[in-house]
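Below is entry-v8.cif, which holds mmCIF, C-alpha atoms.
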data_query
loop_
_atom_site.label_atom_id
_atom_site.label_comp_id
_atom_site.auth_asym_id
_atom_site.auth_seq_id
_atom_site.Cartn_x
_atom_site.Cartn_y
_atom_site.Cartn_z
CA MET S 279 -23.15 -7.69 -15.09
CA GLN S 280 -23.39 -4.51 -17.14
CA SER S 281 -22.38 -6.41 -20.29
CA LEU S 282 -25.05 -9.02 -19.58
CA LEU S 283 -27.73 -6.35 -19.23
CA ARG S 284 -26.58 -4.77 -22.48
CA TRP S 285 -26.82 -8.11 -24.28
CA SER S 286 -30.29 -8.73 -22.82
CA ILE S 287 -31.64 -5.43 -24.12
CA GLU S 288 -30.13 -5.95 -27.56
CA ASN S 289 -31.52 -9.46 -27.86
CA SER S 290 -34.87 -9.09 -26.09
CA THR S 291 -38.09 -9.27 -28.11
CA PRO S 292 -41.57 -10.72 -27.45
CA GLY S 293 -41.87 -14.25 -28.75
CA GLU S 294 -44.14 -17.25 -28.75
CA ALA S 295 -43.42 -20.66 -27.29
CA GLY S 296 -41.91 -23.02 -29.80
CA VAL S 297 -41.00 -20.25 -32.20
CA ALA S 298 -37.31 -19.72 -32.95
CA PRO S 299 -36.06 -16.37 -31.66
CA PRO S 300 -35.34 -13.75 -34.29
CA PRO S 301 -31.77 -12.60 -34.95
CA PRO S 302 -30.37 -9.90 -32.65
CA ARG S 303 -31.78 -6.45 -33.25
CA LYS S 304 -29.53 -3.99 -35.03
CA ASP S 305 -31.81 -0.98 -34.86
CA LEU S 306 -30.96 0.00 -31.30
CA ASP S 307 -28.83 3.10 -31.02
CA PRO S 308 -25.75 2.34 -28.83
CA ALA S 309 -26.01 5.88 -27.46
CA ILE S 310 -29.51 5.09 -26.15
CA ILE S 311 -28.23 1.92 -24.48
CA ASP S 312 -25.37 3.89 -22.93
CA LEU S 313 -27.90 6.44 -21.68
CA ILE S 314 -29.96 3.69 -20.03
CA LEU S 315 -27.17 1.53 -18.61
CA GLY S 316 -24.22 3.89 -18.57
CA LYS S 317 -21.03 3.27 -20.50
CA PRO S 318 -19.03 0.15 -19.65
CA ASP S 319 -16.23 0.86 -17.20
CA ALA S 320 -13.62 -0.13 -19.78
CA GLU S 321 -14.90 2.57 -22.13
CA ARG S 322 -14.94 5.14 -19.35
CA MET S 323 -11.35 4.24 -18.47
CA LYS S 324 -10.26 4.61 -22.09
CA GLU S 325 -11.93 8.00 -22.41
CA ALA S 326 -10.52 9.26 -19.10
CA LEU S 327 -6.98 8.18 -19.95
CA ALA S 328 -7.21 9.71 -23.41
CA ILE S 329 -8.05 13.07 -21.84
CA ALA S 330 -5.39 12.71 -19.14
CA VAL S 331 -2.54 12.16 -21.59
CA ASP S 332 -3.71 14.85 -24.01
CA GLU S 333 -1.56 17.91 -23.33
CA THR S 334 -3.86 20.09 -25.44
CA LYS S 335 -6.57 19.69 -22.82
CA SER S 336 -6.78 22.05 -19.87
CA GLU S 337 -5.14 21.08 -16.59
CA ASP S 338 -8.55 20.99 -14.88
CA ASP S 339 -10.00 18.63 -17.49
CA ARG S 340 -7.01 16.30 -17.21
CA LEU S 341 -7.18 16.24 -13.42
CA GLN S 342 -10.92 15.58 -13.49
CA ALA S 343 -10.30 12.66 -15.87
CA LEU S 344 -7.63 11.25 -13.57
CA ASP S 345 -9.95 11.56 -10.57
CA GLU S 346 -12.60 9.55 -12.41
CA PHE S 347 -9.98 7.00 -13.45
CA GLU S 348 -8.88 6.54 -9.83
CA MET S 349 -12.48 5.96 -8.79
CA LEU S 350 -12.86 3.28 -11.45
CA VAL S 351 -9.73 1.33 -10.47
CA GLU S 352 -10.99 1.02 -6.91
CA SER S 353 -12.71 -2.04 -8.37
CA ILE S 354 -10.21 -4.91 -8.50
CA ASP S 355 -11.69 -6.08 -11.81
CA ASN S 356 -11.08 -2.68 -13.36
CA ALA S 357 -7.60 -2.56 -11.84
CA ASN S 358 -6.76 -5.86 -13.49
CA ASP S 359 -8.14 -4.55 -16.79
CA LEU S 360 -5.29 -2.02 -16.86
CA THR S 361 -3.11 -4.82 -18.20
CA LYS S 362 -5.66 -6.04 -20.75
CA LEU S 363 -6.23 -2.49 -21.98
CA ASN S 364 -2.49 -1.70 -22.14
CA MET S 365 -2.87 1.24 -19.76
CA TRP S 366 0.03 0.74 -17.38
CA GLU S 367 2.64 2.10 -19.77
CA PRO S 368 0.75 5.33 -20.62
CA LEU S 369 0.23 5.94 -16.90
CA GLN S 370 3.91 5.42 -16.16
CA ASN S 371 4.91 7.66 -19.06
CA LEU S 372 2.57 10.35 -17.74
CA LEU S 373 4.16 10.02 -14.30
CA ALA S 374 7.70 10.27 -15.64
CA SER S 375 7.05 13.02 -18.19
CA PRO S 376 8.91 16.30 -17.48
CA SER S 377 5.92 18.16 -18.88
CA SER S 378 3.49 16.69 -16.32
CA SER S 379 2.67 19.10 -13.51
CA ASP S 380 2.99 18.13 -9.86
CA ASN S 381 -0.80 17.86 -9.66
CA ILE S 382 -0.90 15.47 -12.62
CA LYS S 383 1.85 13.34 -11.12
CA THR S 384 0.12 13.33 -7.74
CA ASP S 385 -3.09 11.99 -9.27
CA VAL S 386 -1.22 9.34 -11.28
CA LEU S 387 0.48 8.14 -8.09
CA TRP S 388 -2.93 7.98 -6.46
CA ILE S 389 -4.19 5.78 -9.31
CA ILE S 390 -1.18 3.49 -9.10
CA GLY S 391 -1.44 3.09 -5.33
CA THR S 392 -5.15 2.29 -5.54
CA ALA S 393 -4.81 -0.17 -8.42
CA VAL S 394 -2.00 -2.26 -6.90
CA GLN S 395 -3.31 -2.29 -3.33
CA ASN S 396 -3.85 -5.90 -2.17
CA ASN S 397 -3.66 -6.95 -5.82
CA PRO S 398 -0.66 -9.20 -6.64
CA SER S 399 -1.67 -9.42 -10.30
CA ALA S 400 -1.62 -5.63 -10.70
CA GLN S 401 1.57 -5.37 -8.61
CA ASN S 402 3.39 -7.74 -10.94
CA ALA S 403 2.06 -6.01 -14.05
CA TYR S 404 3.26 -2.62 -12.83
CA LEU S 405 6.62 -3.91 -11.60
CA ALA S 406 7.29 -5.19 -15.13
CA LEU S 407 7.84 -1.53 -16.09
CA SER S 408 10.74 -1.18 -13.59
CA PRO S 409 9.13 1.85 -11.91
CA MET S 410 10.89 1.80 -8.54
CA ARG S 411 13.48 4.53 -9.14
CA THR S 412 10.82 6.81 -10.61
CA LEU S 413 8.60 6.33 -7.55
CA LEU S 414 11.49 6.94 -5.17
CA SER S 415 12.54 10.09 -7.02
CA PHE S 416 9.43 11.83 -5.67
CA LEU S 417 10.75 11.45 -2.11
CA ALA S 418 13.86 13.51 -2.86
CA PRO S 419 14.32 16.68 -0.79
CA SER S 420 14.26 18.67 -4.03
CA VAL S 421 10.58 17.79 -4.58
CA GLU S 422 8.76 20.84 -3.23
CA SER S 423 5.19 19.51 -3.27
CA ALA S 424 4.31 17.81 0.03
CA LYS S 425 1.22 16.28 -1.59
CA LEU S 426 3.39 14.72 -4.29
CA ARG S 427 5.78 13.24 -1.72
CA SER S 428 2.88 11.96 0.34
CA LYS S 429 1.20 10.27 -2.63
CA ALA S 430 4.54 8.69 -3.57
CA VAL S 431 4.58 6.94 -0.18
CA TYR S 432 0.97 5.88 -0.78
CA ALA S 433 1.91 4.31 -4.11
CA LEU S 434 4.95 2.62 -2.58
CA SER S 435 2.78 1.16 0.18
CA GLY S 436 0.50 -0.42 -2.38
CA ILE S 437 3.33 -1.89 -4.44
CA LEU S 438 5.43 -3.14 -1.49
CA LYS S 439 2.83 -4.72 0.77
CA HIS S 440 2.88 -8.54 0.46
CA SER S 441 5.35 -8.40 -2.44
CA ALA S 442 8.83 -9.75 -1.73
CA THR S 443 9.79 -8.95 -5.32
CA ALA S 444 8.90 -5.28 -4.86
CA VAL S 445 10.78 -5.02 -1.57
CA GLN S 446 13.86 -6.57 -3.18
CA LEU S 447 13.62 -4.04 -6.01
CA LEU S 448 13.28 -1.27 -3.41
CA LYS S 449 16.53 -2.45 -1.83
CA GLU S 450 18.33 -2.52 -5.19
CA ALA S 451 17.17 1.03 -5.92
CA ASP S 452 18.55 2.38 -2.60
CA GLY S 453 14.98 2.80 -1.43
CA TRP S 454 15.69 2.20 2.25
CA ASP S 455 17.73 5.39 2.36
CA ALA S 456 14.86 7.28 0.75
CA LEU S 457 12.43 5.92 3.36
CA ARG S 458 14.83 6.85 6.15
CA ARG S 459 14.82 10.45 4.92
CA ALA S 460 11.03 10.34 4.59
CA LEU S 461 10.78 9.60 8.33
CA GLU S 462 12.19 13.10 8.88
CA ASP S 463 10.27 14.83 6.08
CA SER S 464 9.09 18.36 6.81
CA ASP S 465 5.51 17.26 6.08
CA ILE S 466 4.10 15.19 8.95
CA SER S 467 1.74 13.22 6.67
CA VAL S 468 4.78 11.86 4.79
CA ARG S 469 6.30 10.72 8.09
CA ARG S 470 3.07 9.07 9.20
CA LYS S 471 2.59 7.19 5.95
CA THR S 472 6.22 6.07 5.91
CA ALA S 473 5.97 4.64 9.44
CA PHE S 474 2.72 2.91 8.49
CA LEU S 475 4.39 1.47 5.38
CA LEU S 476 7.34 0.13 7.38
CA ASN S 477 5.06 -1.61 9.85
CA ALA S 478 3.00 -3.15 7.04
CA ILE S 479 6.02 -4.77 5.40
CA LEU S 480 7.66 -5.66 8.73
CA ILE S 481 4.80 -7.82 10.05
CA PRO S 482 5.88 -11.47 9.67
CA THR S 483 3.87 -13.90 7.61
CA SER S 484 3.68 -17.64 8.06
CA PRO S 485 2.04 -20.44 6.05
CA THR S 486 1.41 -22.37 9.27
CA ARG S 487 0.08 -21.49 12.71
CA PRO S 488 2.67 -19.56 14.74
CA SER S 489 3.12 -19.66 18.51
CA ASN S 490 0.38 -18.26 20.72
CA ASN S 491 2.38 -15.10 21.35
CA SER S 492 3.05 -14.37 17.68
CA THR S 493 1.22 -11.72 15.69
CA ALA S 494 2.32 -13.12 12.35
CA LEU S 495 -0.15 -13.24 9.48
CA VAL S 496 -1.31 -16.85 9.15
CA LEU S 497 -2.39 -18.63 5.99
CA HIS S 498 -4.63 -21.68 6.41
CA PRO S 499 -5.22 -24.17 3.58
CA THR S 500 -8.80 -23.97 2.39
CA ALA S 501 -9.07 -27.75 2.01
CA SER S 502 -6.94 -30.84 2.42
CA ALA S 503 -6.32 -33.32 -0.34
CA ASP S 504 -8.14 -36.65 -0.12
CA SER S 505 -5.69 -39.44 -0.83
CA SER S 506 -8.56 -41.79 -1.69
CA ASP S 507 -9.74 -39.49 -4.45
CA PRO S 508 -7.81 -40.15 -7.70
CA THR S 509 -8.53 -36.59 -8.85
CA SER S 510 -7.02 -34.98 -5.76
CA ASN S 511 -3.56 -34.79 -7.35
CA ILE S 512 -4.79 -32.92 -10.41
CA GLN S 513 -3.20 -29.49 -10.51
CA THR S 514 -5.76 -26.71 -10.83
CA PRO S 515 -4.85 -23.26 -12.14
CA ILE S 516 -3.84 -20.81 -9.42
CA HIS S 517 -4.95 -17.21 -9.87
CA PRO S 518 -2.26 -14.69 -8.82
CA ASN S 519 -4.77 -12.85 -6.61
CA SER S 520 -5.97 -15.96 -4.82
CA HIS S 521 -5.33 -17.28 -1.34
CA ALA S 522 -4.00 -20.43 -3.01
CA SER S 523 -1.21 -18.48 -4.71
CA MET S 524 0.07 -17.39 -1.30
CA LEU S 525 -0.01 -20.95 0.00
CA ALA S 526 1.73 -22.22 -3.14
CA ASP S 527 4.65 -19.81 -2.74
CA PRO S 528 4.75 -18.19 0.73
CA THR S 529 8.09 -16.54 -0.02
CA SER S 530 6.51 -14.44 -2.75
CA PHE S 531 4.69 -12.26 -0.23
CA SER S 532 7.00 -12.50 2.79
CA THR S 533 8.65 -9.11 3.28
CA SER S 534 9.56 -9.23 6.96
CA GLU S 535 13.16 -10.51 6.77
CA LEU S 536 14.19 -7.94 4.20
CA THR S 537 12.63 -5.18 6.29
CA ILE S 538 14.31 -6.35 9.50
CA ASP S 539 17.68 -6.22 7.74
CA ALA S 540 16.90 -2.72 6.49
CA LEU S 541 15.93 -1.45 9.95
CA GLU S 542 19.22 -2.67 11.36
CA ASP S 543 21.61 -2.03 8.46
CA HIS S 544 20.30 1.25 6.99
CA GLY S 545 19.80 3.26 10.16
CA LEU S 546 16.00 3.11 10.06
CA LEU S 547 15.73 1.68 13.57
CA GLN S 548 17.81 4.50 15.00
CA VAL S 549 15.73 7.14 13.20
CA LEU S 550 12.55 5.58 14.60
CA VAL S 551 13.95 5.65 18.13
CA ASP S 552 15.10 9.24 17.66
CA ALA S 553 11.62 10.15 16.39
CA LEU S 554 10.32 9.39 19.88
CA VAL S 555 13.24 10.56 21.99
CA THR S 556 14.25 13.73 20.14
CA PRO S 557 11.59 14.36 17.46
CA VAL S 558 12.58 16.55 14.53
CA PRO S 559 10.28 19.61 14.23
CA HIS S 560 7.95 19.55 11.25
CA GLY S 561 6.13 22.07 9.09
CA PRO S 562 7.37 24.28 6.23
CA ASP S 563 9.54 26.24 8.65
CA GLY S 564 9.90 23.57 11.33
CA GLU S 565 7.41 25.43 13.48
CA PHE S 566 5.66 22.36 14.93
CA GLU S 567 6.94 19.85 17.45
CA GLY S 568 5.63 16.37 18.12
CA ASP S 569 2.65 14.58 16.60
CA ALA S 570 0.48 12.04 18.42
CA GLU S 571 -0.43 10.08 15.29
CA PHE S 572 3.17 9.79 14.13
CA GLU S 573 4.24 8.73 17.63
CA ASP S 574 1.54 6.05 17.61
CA LYS S 575 2.73 4.67 14.26
CA VAL S 576 6.41 4.70 15.29
CA ILE S 577 5.59 2.79 18.47
CA GLY S 578 3.71 0.31 16.26
CA VAL S 579 6.82 -0.33 14.16
CA LEU S 580 9.06 -0.73 17.22
CA TYR S 581 6.56 -3.05 18.90
CA THR S 582 6.34 -5.25 15.80
CA TYR S 583 10.13 -5.30 15.57
CA VAL S 584 10.80 -6.49 19.13
CA LYS S 585 7.64 -8.51 19.80
CA SER S 586 6.78 -10.21 16.51
CA CYS S 587 10.21 -10.20 14.84
CA HIS S 588 12.25 -10.76 18.03
CA GLY S 589 14.51 -7.83 17.21
CA ARG S 590 16.74 -6.17 19.78
CA PHE S 591 17.49 -2.63 20.74
CA SER S 592 21.07 -1.62 21.34
CA PRO S 593 21.91 -0.64 24.93
CA ALA S 594 22.00 3.03 23.91
CA GLN S 595 18.64 2.78 22.16
CA ALA S 596 17.10 1.00 25.14
CA GLN S 597 18.40 3.63 27.55
CA ALA S 598 17.03 6.45 25.41
CA LEU S 599 13.64 4.73 25.08
CA SER S 600 13.50 4.07 28.82
CA SER S 601 14.04 7.76 29.56
CA TYR S 602 11.38 8.70 27.00
CA ILE S 603 8.88 6.23 28.50
CA THR S 604 9.47 7.44 32.05
CA ARG S 605 9.12 11.09 31.07
CA GLU S 606 6.08 10.73 28.83
CA THR S 607 4.25 8.30 31.13
CA LYS S 608 4.42 10.87 33.90
CA LYS S 609 3.07 13.54 31.54
CA ALA S 610 0.29 11.24 30.33
CA GLY S 611 -0.88 10.46 33.86
CA GLY S 612 0.18 6.85 34.27
CA PRO S 613 0.77 3.61 32.34
CA GLY S 614 -2.88 3.22 31.38
CA LYS S 615 -3.04 6.65 29.79
CA MET S 616 0.28 6.03 28.05
CA ALA S 617 -1.03 2.77 26.58
CA GLU S 618 -4.08 4.66 25.32
CA ARG S 619 -1.86 7.31 23.78
CA TRP S 620 0.12 4.59 21.97
CA GLY S 621 -3.06 2.93 20.70
CA MET S 622 -2.25 -0.24 22.65
CA SER S 623 -3.86 -2.36 25.31
CA VAL S 624 -2.26 -2.05 28.75
CA ARG S 625 -0.92 -5.57 28.30
CA GLU S 626 0.77 -4.71 25.01
CA ALA S 627 2.24 -1.50 26.43
CA ASN S 628 3.57 -3.33 29.48
CA ALA S 629 5.15 -5.97 27.24
CA PHE S 630 6.91 -3.28 25.22
CA VAL S 631 8.18 -1.51 28.34
CA GLU S 632 9.41 -4.83 29.74
CA ILE S 633 11.40 -5.56 26.58
CA VAL S 634 12.96 -2.09 26.71
CA ASP S 635 13.89 -2.59 30.37
CA LYS S 636 15.44 -5.99 29.68
CA SER S 637 17.47 -4.56 26.80
CA ARG S 638 18.69 -1.78 29.05
CA SER S 639 19.53 -4.02 32.02
CA SER S 640 21.41 -6.50 29.81
CA SER S 641 23.94 -3.77 29.02
CA THR S 642 24.80 -3.14 32.67
#

Transcribe the structure of this file into structure tokens.
Amino acid sequence: MQSLLRWSIENSTPGEAGVAPPPPRKDLDPAIIDLILGKPDAERMKEALAIAVDETKSEDDRLQALDEFEMLVESIDNANDLTKLNMWEPLQNLLASPSSSDNIKTDVLWIIGTAVQNNPSAQNAYLALSPMRTLLSFLAPSVESAKLRSKAVYALSGILKHSATAVQLLKEADGWDALRRALEDSDISVRRKTAFLLNAILIPTSPTRPSNNSTALVLHPTASADSSDPTSNIQTPIHPNSHASMLADPTSFSTSELTIDALEDHGLLQVLVDALVTPVPHGPDGEFEGDAEFEDKVIGVLYTYVKSCHGRFSPAQAQALSSYITRETKKAGGPGKMAERWGMSVREANAFVEIVDKSRSSST
């Protein structure tokens, strides 16, 4: 739209009917047009990135440029322009550079997470740089900045959600172990975001309608082919960000099976249960205990696992959860209050408790 307005101003001139329009005007100062319309987003992105990668600029100027860049890539069109403008590689280099400060890296992770969020085209473009080990390195215990660790989880959430390729690459990079450690991070925001991430990639997806009790994401064809129409078999191009791309290859965005395996085989399920039963203190010195928001998100993961994915708790896990539920329900003031605390309906909470009880009774 901005380009169209620019063209209109450059080519507008009073004219008479039947008279051929004059050639485009060349006497308009581009700076004046920029002042009226504002610079095109592509130009603003180029200028911001140029400042961000310039180590002769002050830290404040570089961070301000990165903040503006992140705002611009909130638009999916601008996010997709990162590929056209060859900007992914400079961003990744800036992230991986030993000379980049923690604040610079934090802002770059923010940009990456925003650009790839719900954007398969951008996800694939970024994954082409093999960035997984770099992203995971920011979750290491040696990384002192809690903001940096937190933004790393944010970026991972954007790249992993609805991308089976990304989740497979996470597995190959020993990423499940990194996420398991993140569930016990000293910073509670890292734990919350990690639990949210796990639930997002655990939720099953299905190209057809599931059973009435399923909470799987459902994809419905937008239209059915008409066998009487000779053009109905013509293959139309499928955009990577379209609903049609998901229908064409459902396995490309199905991450549930890989996540189920990780919960069971990499100790993530046990850490989630322990997070409720015997929560690890958090804070710089471990001075805080418990967190309602983290508890809510952990319950969400466990509910998805047993209800939507038909997973099973071990007898020991079920017994520990049963004791936790009994104790905390009494503290909360009854099942209704406990359901509210978990962010569930009473029906959902009762279903979860019933599954736990069945798992426990099956061991006796």

Could you expand the PyMOL selection byres ((chain S and resi 322) around 12) into the explicit residues it covers here, written as a VMD selection string?
-> chain S and resid 312 316 to 321 323 to 329 343 to 351 356 363

Selection: 12 Å around region 605-615 of chain S, all atoms listed in the file, excl. self and same-chain fewer than 6 positions, as number ranges by chain = S: 554-555, 570, 573, 598-599, 621-631

Residues picked by the PyMOL selection byres ((chain S and resi 463-480) around 8) here, as a PyMOL selection string?
-> chain S and resi 424+427-428+431-432+435+438-440+457+459-462+481-482+533-535+537-538+559-562+564+569+571-572+575-576+578-579+582-583

Quick one: distance from CA of Ala403 (chain S) to CA of Leu536 (chain S) in Å, one decimal?
->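 CA of Ala403 (chain S) sits 22.0 Å away from CA of Leu536 (chain S).
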
Give me, please, the distance in Å between CA of Phe531 (chain S) and CA of Asp385 (chain S), quoted to one decimal.
->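 For CA of Phe531 (chain S) relative to CA of Asp385 (chain S), the distance reads 27.0 Å.
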
Out of S:Trp388, S:Trp620, S:Arg411, S:Asn381, which residue has the shortest atom-to-atom distance to Asp338 (chain S) when counting all atoms listed in the file?
->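 Going through S:Trp388, S:Trp620, S:Arg411, S:Asn381 one by one, the smallest distance to Asp338 (chain S) is for S:Asn381.
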
Radius query 10 Å about (16.4, 13.3, -3.0), atoms used: all atoms listed in the file, as a PyMOL selection string | chain S and resi 414-421+455-456+459-460

Picked residues, the PyMOL selection byres ((chain S and resi 367-378) around 10), expected as a PyMOL selection string | chain S and resi 327-328+330-333+337+360-361+364-366+379-387+389-390+403-404+406-409+412-413+415

Contacts of Ile354 (chain S) at 12 Å (only C-alpha atoms; same-chain gap of 4+ positions) as a list in words =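 Within the cut-off, the hits are Glu348, Met349, Leu350, Asn358, Asp359, Leu360, Thr392, Ala393, Val394, Gln395, Asn396, Asn397, Pro398, Ser399, Ala400, Gln401 and Asn519 of chain S.
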
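Closest to Asp539 (chain S) among S:Ala553, S:Cys587, S:Val634, S:Ile603 is S:Cys587, based on only C-alpha atoms.
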
Exercise: region 589-596 of chain S partners within 9 Å, only C-alpha atoms, chain neighbours under 3 positions left out, as a count of residues only | 24
